[in-house]
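S.K.: Just one file: entry_25.cif, with mmCIF, C-alpha atoms and all ligand atoms.
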```cif
data_input
#
loop_
_atom_site.label_atom_id
_atom_site.label_comp_id
_atom_site.auth_asym_id
_atom_site.auth_seq_id
_atom_site.Cartn_x
_atom_site.Cartn_y
_atom_site.Cartn_z
CA MET A 21 -8.37 -31.91 66.04
CA ALA A 22 -10.12 -30.27 63.16
CA LYS A 23 -11.79 -27.05 64.22
CA ALA A 24 -15.26 -25.69 63.72
CA ALA A 25 -15.30 -22.50 61.65
CA LEU A 26 -17.62 -19.62 61.11
CA PHE A 27 -18.17 -19.18 57.38
CA LEU A 28 -19.59 -15.81 56.49
CA ASP A 29 -21.08 -14.47 53.32
CA ARG A 30 -19.94 -10.90 52.58
CA ASP A 31 -22.60 -8.60 51.14
CA GLY A 32 -25.69 -8.30 53.32
CA THR A 33 -24.00 -10.32 56.06
CA VAL A 34 -20.79 -8.49 57.06
CA ASN A 35 -21.13 -5.32 54.97
CA ILE A 36 -24.27 -3.50 53.96
CA GLU A 37 -25.73 -4.87 50.72
CA ALA A 38 -24.98 -2.29 48.02
CA GLY A 39 -25.08 -4.27 44.77
CA TYR A 40 -21.90 -4.31 42.71
CA ILE A 41 -19.60 -1.97 44.61
CA ARG A 42 -17.65 0.38 42.34
CA GLU A 43 -16.53 2.92 44.94
CA LEU A 44 -14.68 2.05 48.11
CA LYS A 45 -16.83 4.37 50.20
CA ASN A 46 -19.84 2.19 49.39
CA LEU A 47 -18.43 -0.75 51.30
CA ASN A 48 -19.48 -0.30 54.92
CA LEU A 49 -19.91 -2.69 57.80
CA ILE A 50 -23.30 -3.67 59.14
CA PRO A 51 -23.41 -2.26 62.70
CA GLY A 52 -22.43 -4.96 65.16
CA ALA A 53 -20.77 -7.24 62.63
CA ALA A 54 -17.20 -6.37 63.63
CA ALA A 55 -17.95 -6.95 67.31
CA VAL A 56 -19.26 -10.42 66.52
CA ILE A 57 -16.20 -11.28 64.43
CA ARG A 58 -13.94 -9.98 67.21
CA GLU A 59 -15.68 -12.22 69.72
CA PHE A 60 -15.10 -15.29 67.56
CA ASN A 61 -11.49 -14.17 67.06
CA GLN A 62 -11.10 -14.10 70.84
CA HIS A 63 -12.50 -17.64 71.05
CA GLN A 64 -9.93 -18.68 68.41
CA VAL A 65 -12.65 -19.72 66.01
CA PRO A 66 -11.56 -19.42 62.37
CA VAL A 67 -13.74 -16.77 60.71
CA ILE A 68 -13.75 -17.30 56.97
CA LEU A 69 -15.38 -15.18 54.30
CA ALA A 70 -16.88 -17.03 51.33
CA THR A 71 -18.29 -14.66 48.73
CA ASN A 72 -19.48 -14.82 45.13
CA GLN A 73 -18.07 -11.84 43.25
CA ALA A 74 -19.10 -12.10 39.63
CA GLY A 75 -18.07 -8.53 38.77
CA PRO A 76 -14.91 -9.68 36.94
CA ALA A 77 -16.88 -12.24 34.89
CA ARG A 78 -19.51 -9.64 34.05
CA GLY A 79 -16.81 -7.22 32.93
CA TYR A 80 -17.79 -4.65 35.57
CA TYR A 81 -14.29 -4.38 37.00
CA PRO A 82 -10.99 -6.27 37.13
CA GLU A 83 -10.28 -8.92 39.71
CA SER A 84 -7.79 -6.52 41.35
CA TRP A 85 -10.78 -4.35 42.34
CA VAL A 86 -12.17 -7.24 44.38
CA ASP A 87 -8.86 -7.32 46.23
CA GLN A 88 -9.06 -3.57 46.87
CA LEU A 89 -12.54 -3.94 48.30
CA HIS A 90 -11.26 -6.69 50.57
CA GLU A 91 -8.38 -4.50 51.71
CA ARG A 92 -10.95 -1.91 52.77
CA LEU A 93 -13.04 -4.57 54.50
CA ILE A 94 -9.96 -5.81 56.37
CA GLY A 95 -9.17 -2.22 57.38
CA LEU A 96 -12.67 -1.50 58.64
CA LEU A 97 -12.59 -4.67 60.73
CA LYS A 98 -9.10 -3.94 62.01
CA ALA A 99 -10.30 -0.54 63.24
CA GLU A 100 -12.61 -2.52 65.53
CA ASP A 101 -9.93 -5.08 66.49
CA ALA A 102 -11.48 -7.81 64.37
CA PHE A 103 -10.02 -9.93 61.59
CA LEU A 104 -10.88 -12.57 59.05
CA ASP A 105 -8.73 -15.70 59.05
CA ALA A 106 -9.20 -16.07 55.31
CA ILE A 107 -11.15 -14.67 52.40
CA TYR A 108 -12.32 -16.92 49.59
CA TYR A 109 -14.13 -15.43 46.65
CA CYS A 110 -15.42 -16.76 43.37
CA PRO A 111 -14.98 -14.37 40.41
CA HIS A 112 -16.63 -16.76 37.95
CA LEU A 113 -20.01 -16.83 36.26
CA ALA A 114 -21.01 -19.34 33.58
CA GLU A 115 -23.02 -16.69 31.73
CA GLY A 116 -20.39 -13.96 32.11
CA ILE A 117 -18.88 -12.04 29.22
CA VAL A 118 -15.17 -12.08 30.12
CA PRO A 119 -13.95 -15.46 28.80
CA GLU A 120 -11.29 -16.01 31.43
CA TYR A 121 -13.93 -16.00 34.19
CA SER A 122 -16.96 -17.27 32.32
CA TYR A 123 -17.33 -20.96 32.98
CA ALA A 124 -19.22 -23.23 35.32
CA CYS A 125 -16.85 -23.55 38.28
CA ASN A 126 -17.14 -25.52 41.50
CA CYS A 127 -16.54 -22.49 43.71
CA ARG A 128 -19.51 -20.26 42.93
CA LYS A 129 -21.99 -20.73 45.77
CA PRO A 130 -24.00 -22.96 46.04
CA GLY A 131 -21.09 -25.03 44.75
CA PRO A 132 -19.11 -26.26 47.76
CA GLY A 133 -15.64 -25.46 46.34
CA MET A 134 -14.71 -22.54 48.59
CA LEU A 135 -15.80 -24.28 51.77
CA LEU A 136 -14.07 -27.54 50.83
CA GLN A 137 -10.86 -25.69 49.98
CA ALA A 138 -11.00 -23.80 53.27
CA ALA A 139 -11.57 -27.04 55.17
CA LYS A 140 -8.49 -28.54 53.59
CA GLU A 141 -6.28 -25.46 54.07
CA HIS A 142 -7.37 -24.72 57.65
CA ASP A 143 -8.08 -28.23 58.95
CA LEU A 144 -11.78 -27.59 59.61
CA ASP A 145 -14.57 -29.86 60.76
CA LEU A 146 -17.36 -28.84 58.40
CA SER A 147 -20.03 -30.78 60.29
CA ARG A 148 -19.56 -28.53 63.33
CA SER A 149 -19.04 -25.36 61.28
CA TYR A 150 -21.69 -22.78 60.46
CA MET A 151 -22.38 -21.05 57.16
CA ILE A 152 -24.19 -17.75 57.67
CA GLY A 153 -25.60 -15.62 54.87
CA ASP A 154 -28.56 -13.74 53.49
CA LYS A 155 -29.31 -15.66 50.28
CA ALA A 156 -30.72 -19.07 49.46
CA THR A 157 -27.38 -19.94 47.88
CA ASP A 158 -25.68 -19.40 51.25
CA ILE A 159 -27.94 -21.99 52.82
CA ASP A 160 -27.49 -24.33 49.84
CA VAL A 161 -23.70 -24.09 49.96
CA GLY A 162 -23.75 -24.93 53.65
CA LYS A 163 -25.89 -27.98 53.00
CA ASN A 164 -23.72 -28.99 50.02
CA ALA A 165 -20.57 -28.74 52.11
CA GLY A 166 -22.12 -30.33 55.20
CA THR A 167 -22.19 -27.36 57.60
CA LYS A 168 -24.94 -26.03 59.79
CA THR A 169 -26.75 -23.05 58.30
CA ILE A 170 -28.16 -19.72 59.42
CA LEU A 171 -30.17 -17.38 57.20
CA LEU A 172 -30.03 -13.70 58.10
CA THR A 173 -32.95 -11.47 57.26
CA SER A 174 -30.49 -8.63 56.69
CA GLY A 175 -29.68 -8.18 52.99
CA TYR A 176 -31.93 -10.41 50.85
CA GLY A 177 -32.88 -12.86 53.59
CA GLN A 178 -36.41 -11.66 54.22
CA ASP A 179 -37.15 -11.82 50.48
CA VAL A 180 -35.84 -15.39 50.44
CA LEU A 181 -38.17 -16.32 53.28
CA ASP A 182 -41.08 -14.61 51.55
CA GLY A 183 -40.39 -16.55 48.35
CA ASN A 184 -39.64 -13.38 46.39
CA TYR A 185 -35.94 -14.03 45.77
CA GLN A 186 -34.03 -17.13 44.64
CA HIS A 187 -35.95 -19.97 46.31
CA ARG A 188 -37.24 -20.87 49.73
CA VAL A 189 -34.81 -22.75 51.93
CA ARG A 190 -34.85 -24.46 55.29
CA PRO A 191 -31.90 -23.13 57.25
CA ASP A 192 -31.18 -24.59 60.68
CA HIS A 193 -31.80 -21.15 62.17
CA ILE A 194 -33.02 -17.71 61.14
CA PHE A 195 -31.88 -14.46 62.71
CA ALA A 196 -32.18 -10.77 61.91
CA SER A 197 -28.45 -10.13 61.86
CA LEU A 198 -25.03 -11.57 62.59
CA ALA A 199 -25.18 -9.87 65.98
CA GLU A 200 -28.34 -11.81 66.82
CA ALA A 201 -27.04 -15.11 65.45
CA HIS A 202 -23.78 -15.18 67.34
CA GLN A 203 -25.14 -16.19 70.76
CA LYS A 204 -26.72 -19.27 69.21
CA VAL A 205 -23.43 -20.30 67.66
CA LEU A 206 -21.40 -19.59 70.78
CA LYS A 207 -23.84 -21.57 72.89
CA ASP A 208 -23.62 -24.50 70.51
CA TRP A 209 -19.83 -24.57 70.64
CA PHE A 210 -18.82 -23.40 74.08
CA PHE A 211 -21.62 -23.62 76.62
MG MG A 301 -25.09 -11.80 50.60
ZN ZN A 302 -15.80 -19.91 40.90
#
```
Can I see the file as structure tokens?
M.R.:
Amino acid sequence: MAKAALFLDRDGTVNIEAGYIRELKNLNLIPGAAAVIREFNQHQVPVILATNQAGPARGYYPESWVDQLHERLIGLLKAEDAFLDAIYYCPHLAEGIVPEYSYACNCRKPGPGMLLQAAKEHDLDLSRSYMIGDKATDIDVGKNAGTKTILLTSGYGQDVLDGNYQHRVRPDHIFASLAEAHQKVLKDWFF
């Protein structure tokens, strides 16, 4: 049977929002995030990162740097006995300056490409899955892919709710952090 998954945005959801990260030491976990991921790991729920990373398209750094950042993220999680089942990222941006990455793709959130690919590769039931993030585009991608949605007021989430960033959205739920959201998700799936 297809499984429900936990789709997580990266910046402002798992790690502390720090803009375009050019030094490894600036990628740090939000307190409590690893413990939540570990708990879903223990419940054998696929935990899948889906992140827009337009740095390569903007010419800020090569795509290999995104991989290095993800190696650090994996290491920080591993130190707390947590892991991601998969990482999907979109390096594209239609208005970028590096031609190889600068086109309108289907994978940049809110496009559903990353979630649809994950569903195919990991046999996921999107209708029972959750997409959790701190931007309007995280809620939009969840709706576009047919998942449930949670907006976190960590990162940019409060500005989204206040109408000061991107656009207002109607997520299924709103929580202050991943740590606060996880009971809701667990209850929905297991209790
Ligand atoms: Mg984010
Ligand atoms: Zn893309």
S.K.: Which residues are near Met151 of chain A? Cut-off 7 Å, all atoms listed in the file, ignore same chain within fewer than 5 positions. Put them as an NGL selection string.
M.R.: :A and (26-28 or 158 or 162 or 167-170)
S.K.: Take the selection from the previous step and output its residues with C-alpha atoms, as a PDB file, keeping the file's coordinate frame.
M.R.:
```
ATOM      1  CA  LEU A  26     -17.620 -19.620  61.110  1.00  0.00           C
ATOM      2  CA  PHE A  27     -18.170 -19.180  57.380  1.00  0.00           C
ATOM      3  CA  LEU A  28     -19.590 -15.810  56.490  1.00  0.00           C
ATOM      4  CA  ASP A 158     -25.680 -19.400  51.250  1.00  0.00           C
ATOM      5  CA  GLY A 162     -23.750 -24.930  53.650  1.00  0.00           C
ATOM      6  CA  THR A 167     -22.190 -27.360  57.600  1.00  0.00           C
ATOM      7  CA  LYS A 168     -24.940 -26.030  59.790  1.00  0.00           C
ATOM      8  CA  THR A 169     -26.750 -23.050  58.300  1.00  0.00           C
ATOM      9  CA  ILE A 170     -28.160 -19.720  59.420  1.00  0.00           C
TER      10      ILE A 170
END
```
S.K.: Quick one: distance from atom CA of Ala54 of chain A to atom CA of Ala201 of chain A in Å, one decimal?
M.R.: 13.3 Å
S.K.: Quick one, how far is atom CA of Ala70 of chain A from atom CA of Tyr108 of chain A?
M.R.: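 Distance reported for this atom pair: 4.9 Å.
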S.K.: Using only C-alpha atoms and all ligand atoms, which residues have at least one atom no more than 6 Å from ligand MG 301 (chain A)? Output them as a ChimeraX atom specification.
M.R.: /A:29-33,153-155
S.K.: Using all atoms listed in the file, which of A:Pro66, A:Gly177, A:Pro191, A:Gly131 sits nearest ligand ZN 302 (chain A)?
M.R.: A:Gly131
S.K.: May I have the protein, DNA and RNA residues with any atom at most 12 Å from the point (-23.9, -2.4, 49.0), counting only C-alpha atoms, written as a ChimeraX atom specification?
M.R.: /A:30-50,89,174-176
S.K.: Hey, which residues come within 6 Å of ligand ZN 302 (chain A) if we count all atoms listed in the file? Could you give them as a list in words?
M.R.: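 The distance check yields Cys110, Pro111, His112, Cys125, Asn126, Cys127 and Arg128 of chain A.
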S.K.: Would you kindly return, as a ChimeraX atom specification, each protein, DNA or RNA residue with an atom no farther than 6 Å from any atom of Gly116 of chain A, considering all atoms listed in the file and excluding same-chain residues fewer than 3 positions away?
M.R.: /A:77-78,113,122
S.K.: Ranking A:Trp209, A:Phe60, A:Tyr81, A:Phe103 by minimum distance to Val118 of chain A and counting all atoms listed in the file, which one comes first?
M.R.: A:Tyr81
S.K.: I need the residue nearest Gly79 of chain A from this list: A:Ala55, A:Arg148, A:Asp208, A:Ile117. Use all atoms listed in the file for the distance.
M.R.: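 With all atoms listed in the file as the atom set, the closest residue is A:Ile117.
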S.K.: My list of candidates is A:Leu93, A:Leu135, A:Lys98, A:Trp85. Which is closest to Ile68 of chain A when distances are computed with all atoms listed in the file?
M.R.: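 Among A:Leu93, A:Leu135, A:Lys98, A:Trp85, it is A:Leu135 that comes nearest to Ile68 of chain A.
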S.K.: Of the residues A:Gln137, A:Ser149, A:Gln73, A:Gln88, which is the one nearest to Ala24 of chain A, using only C-alpha atoms?
M.R.: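 Nearest to Ala24 of chain A: A:Ser149.
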S.K.: Taking only all heavy atoms, show segment 28-43 of chain A of the given structure as a CSV table (one decimal), in the first residue's frame.
M.R.:
```csv
chain,number,residue,atom,x,y,z
A,28,LEU,N,9.1,17.9,3.8
A,28,LEU,CA,9.6,19.1,4.5
A,28,LEU,C,10.3,20.0,3.6
A,28,LEU,O,11.2,19.6,2.8
A,28,LEU,CB,10.5,18.6,5.7
A,28,LEU,CG,10.0,17.7,6.7
A,28,LEU,CD1,11.1,17.3,7.7
A,28,LEU,CD2,8.8,18.4,7.5
A,29,ASP,N,10.0,21.3,3.8
A,29,ASP,CA,10.8,22.4,3.2
A,29,ASP,C,12.1,22.4,4.0
A,29,ASP,O,12.2,21.7,5.1
A,29,ASP,CB,10.1,23.7,3.4
A,29,ASP,CG,10.9,24.9,3.2
A,29,ASP,OD1,11.6,25.0,2.1
A,29,ASP,OD2,10.9,25.8,4.1
A,30,ARG,N,13.2,23.0,3.5
A,30,ARG,CA,14.4,23.0,4.2
A,30,ARG,C,14.6,24.3,5.0
A,30,ARG,O,14.5,24.2,6.3
A,30,ARG,CB,15.6,22.9,3.2
A,30,ARG,CG,16.9,22.6,3.8
A,30,ARG,CD,18.1,22.7,2.8
A,30,ARG,NE,18.6,24.1,2.7
A,30,ARG,CZ,19.6,24.5,1.9
A,30,ARG,NH1,20.2,23.6,1.1
A,30,ARG,NH2,19.9,25.7,1.9
A,31,ASP,N,14.9,25.4,4.4
A,31,ASP,CA,15.3,26.6,5.1
A,31,ASP,C,14.1,27.2,5.9
A,31,ASP,O,13.0,27.4,5.3
A,31,ASP,CB,15.8,27.7,4.1
A,31,ASP,CG,17.0,27.2,3.4
A,31,ASP,OD1,18.0,26.8,4.0
A,31,ASP,OD2,17.0,27.2,2.1
A,32,GLY,N,14.3,27.4,7.2
A,32,GLY,CA,13.2,28.0,8.0
A,32,GLY,C,12.2,26.9,8.5
A,32,GLY,O,11.3,27.2,9.2
A,33,THR,N,12.5,25.7,8.1
A,33,THR,CA,11.6,24.5,8.5
A,33,THR,C,12.5,23.5,9.3
A,33,THR,O,12.2,23.2,10.4
A,33,THR,CB,10.9,23.9,7.3
A,33,THR,OG1,10.1,24.9,6.7
A,33,THR,CG2,10.1,22.7,7.7
A,34,VAL,N,13.5,23.1,8.6
A,34,VAL,CA,14.5,22.1,9.3
A,34,VAL,C,15.7,22.8,9.8
A,34,VAL,O,16.1,22.6,10.9
A,34,VAL,CB,14.9,21.0,8.3
A,34,VAL,CG1,15.9,20.1,8.9
A,34,VAL,CG2,13.7,20.2,7.8
A,35,ASN,N,16.3,23.7,9.0
A,35,ASN,CA,17.4,24.5,9.4
A,35,ASN,C,17.0,26.0,9.5
A,35,ASN,O,16.0,26.4,8.9
A,35,ASN,CB,18.6,24.3,8.5
A,35,ASN,CG,18.3,24.7,7.1
A,35,ASN,OD1,17.8,24.0,6.3
A,35,ASN,ND2,18.7,26.0,6.7
A,36,ILE,N,17.8,26.7,10.3
A,36,ILE,CA,17.5,28.1,10.6
A,36,ILE,C,17.6,28.9,9.3
A,36,ILE,O,18.6,28.7,8.6
A,36,ILE,CB,18.4,28.6,11.7
A,36,ILE,CG1,18.2,27.9,13.0
A,36,ILE,CG2,18.3,30.1,11.8
A,36,ILE,CD1,19.3,28.1,14.0
A,37,GLU,N,16.6,29.7,9.0
A,37,GLU,CA,16.6,30.5,7.7
A,37,GLU,C,17.8,31.4,7.8
A,37,GLU,O,18.0,32.2,8.8
A,37,GLU,CB,15.3,31.3,7.7
A,37,GLU,CG,15.3,32.4,6.6
A,37,GLU,CD,15.4,31.8,5.2
A,37,GLU,OE1,14.7,30.9,4.8
A,37,GLU,OE2,16.3,32.4,4.4
A,38,ALA,N,18.7,31.4,6.8
A,38,ALA,CA,19.9,32.2,6.7
A,38,ALA,C,20.2,32.7,5.3
A,38,ALA,O,21.3,32.9,5.0
A,38,ALA,CB,21.1,31.4,7.3
A,39,GLY,N,19.1,32.9,4.5
A,39,GLY,CA,19.3,33.4,3.2
A,39,GLY,C,20.1,32.3,2.3
A,39,GLY,O,20.0,31.1,2.6
A,40,TYR,N,20.8,32.8,1.3
A,40,TYR,CA,21.6,31.9,0.5
A,40,TYR,C,22.9,31.6,1.4
A,40,TYR,O,23.6,32.5,1.8
A,40,TYR,CB,22.0,32.6,-0.8
A,40,TYR,CG,20.9,32.6,-1.8
A,40,TYR,CD1,20.0,33.7,-1.8
A,40,TYR,CD2,20.6,31.6,-2.6
A,40,TYR,CE1,18.9,33.7,-2.6
A,40,TYR,CE2,19.6,31.5,-3.5
A,40,TYR,CZ,18.7,32.6,-3.5
A,40,TYR,OH,17.6,32.6,-4.3
A,41,ILE,N,23.1,30.3,1.6
A,41,ILE,CA,24.1,29.9,2.6
A,41,ILE,C,25.4,29.6,1.8
A,41,ILE,O,25.5,28.8,0.9
A,41,ILE,CB,23.7,28.6,3.3
A,41,ILE,CG1,22.4,29.0,4.1
A,41,ILE,CG2,24.8,28.2,4.3
A,41,ILE,CD1,21.8,27.8,4.9
A,42,ARG,N,26.4,30.4,2.1
A,42,ARG,CA,27.7,30.3,1.4
A,42,ARG,C,28.8,29.8,2.3
A,42,ARG,O,29.9,29.6,1.8
A,42,ARG,CB,28.1,31.7,0.9
A,42,ARG,CG,27.2,32.3,-0.1
A,42,ARG,CD,27.3,33.8,-0.1
A,42,ARG,NE,26.2,34.5,-0.8
A,42,ARG,CZ,26.2,34.8,-2.1
A,42,ARG,NH1,27.3,34.5,-2.9
A,42,ARG,NH2,25.2,35.4,-2.7
A,43,GLU,N,28.5,29.5,3.5
A,43,GLU,CA,29.5,28.9,4.4
A,43,GLU,C,28.8,27.8,5.2
A,43,GLU,O,27.7,28.0,5.7
A,43,GLU,CB,30.0,29.9,5.5
A,43,GLU,CG,30.9,31.0,4.9
A,43,GLU,CD,31.4,31.9,6.0
A,43,GLU,OE1,32.4,31.5,6.6
A,43,GLU,OE2,30.9,33.0,6.1
```
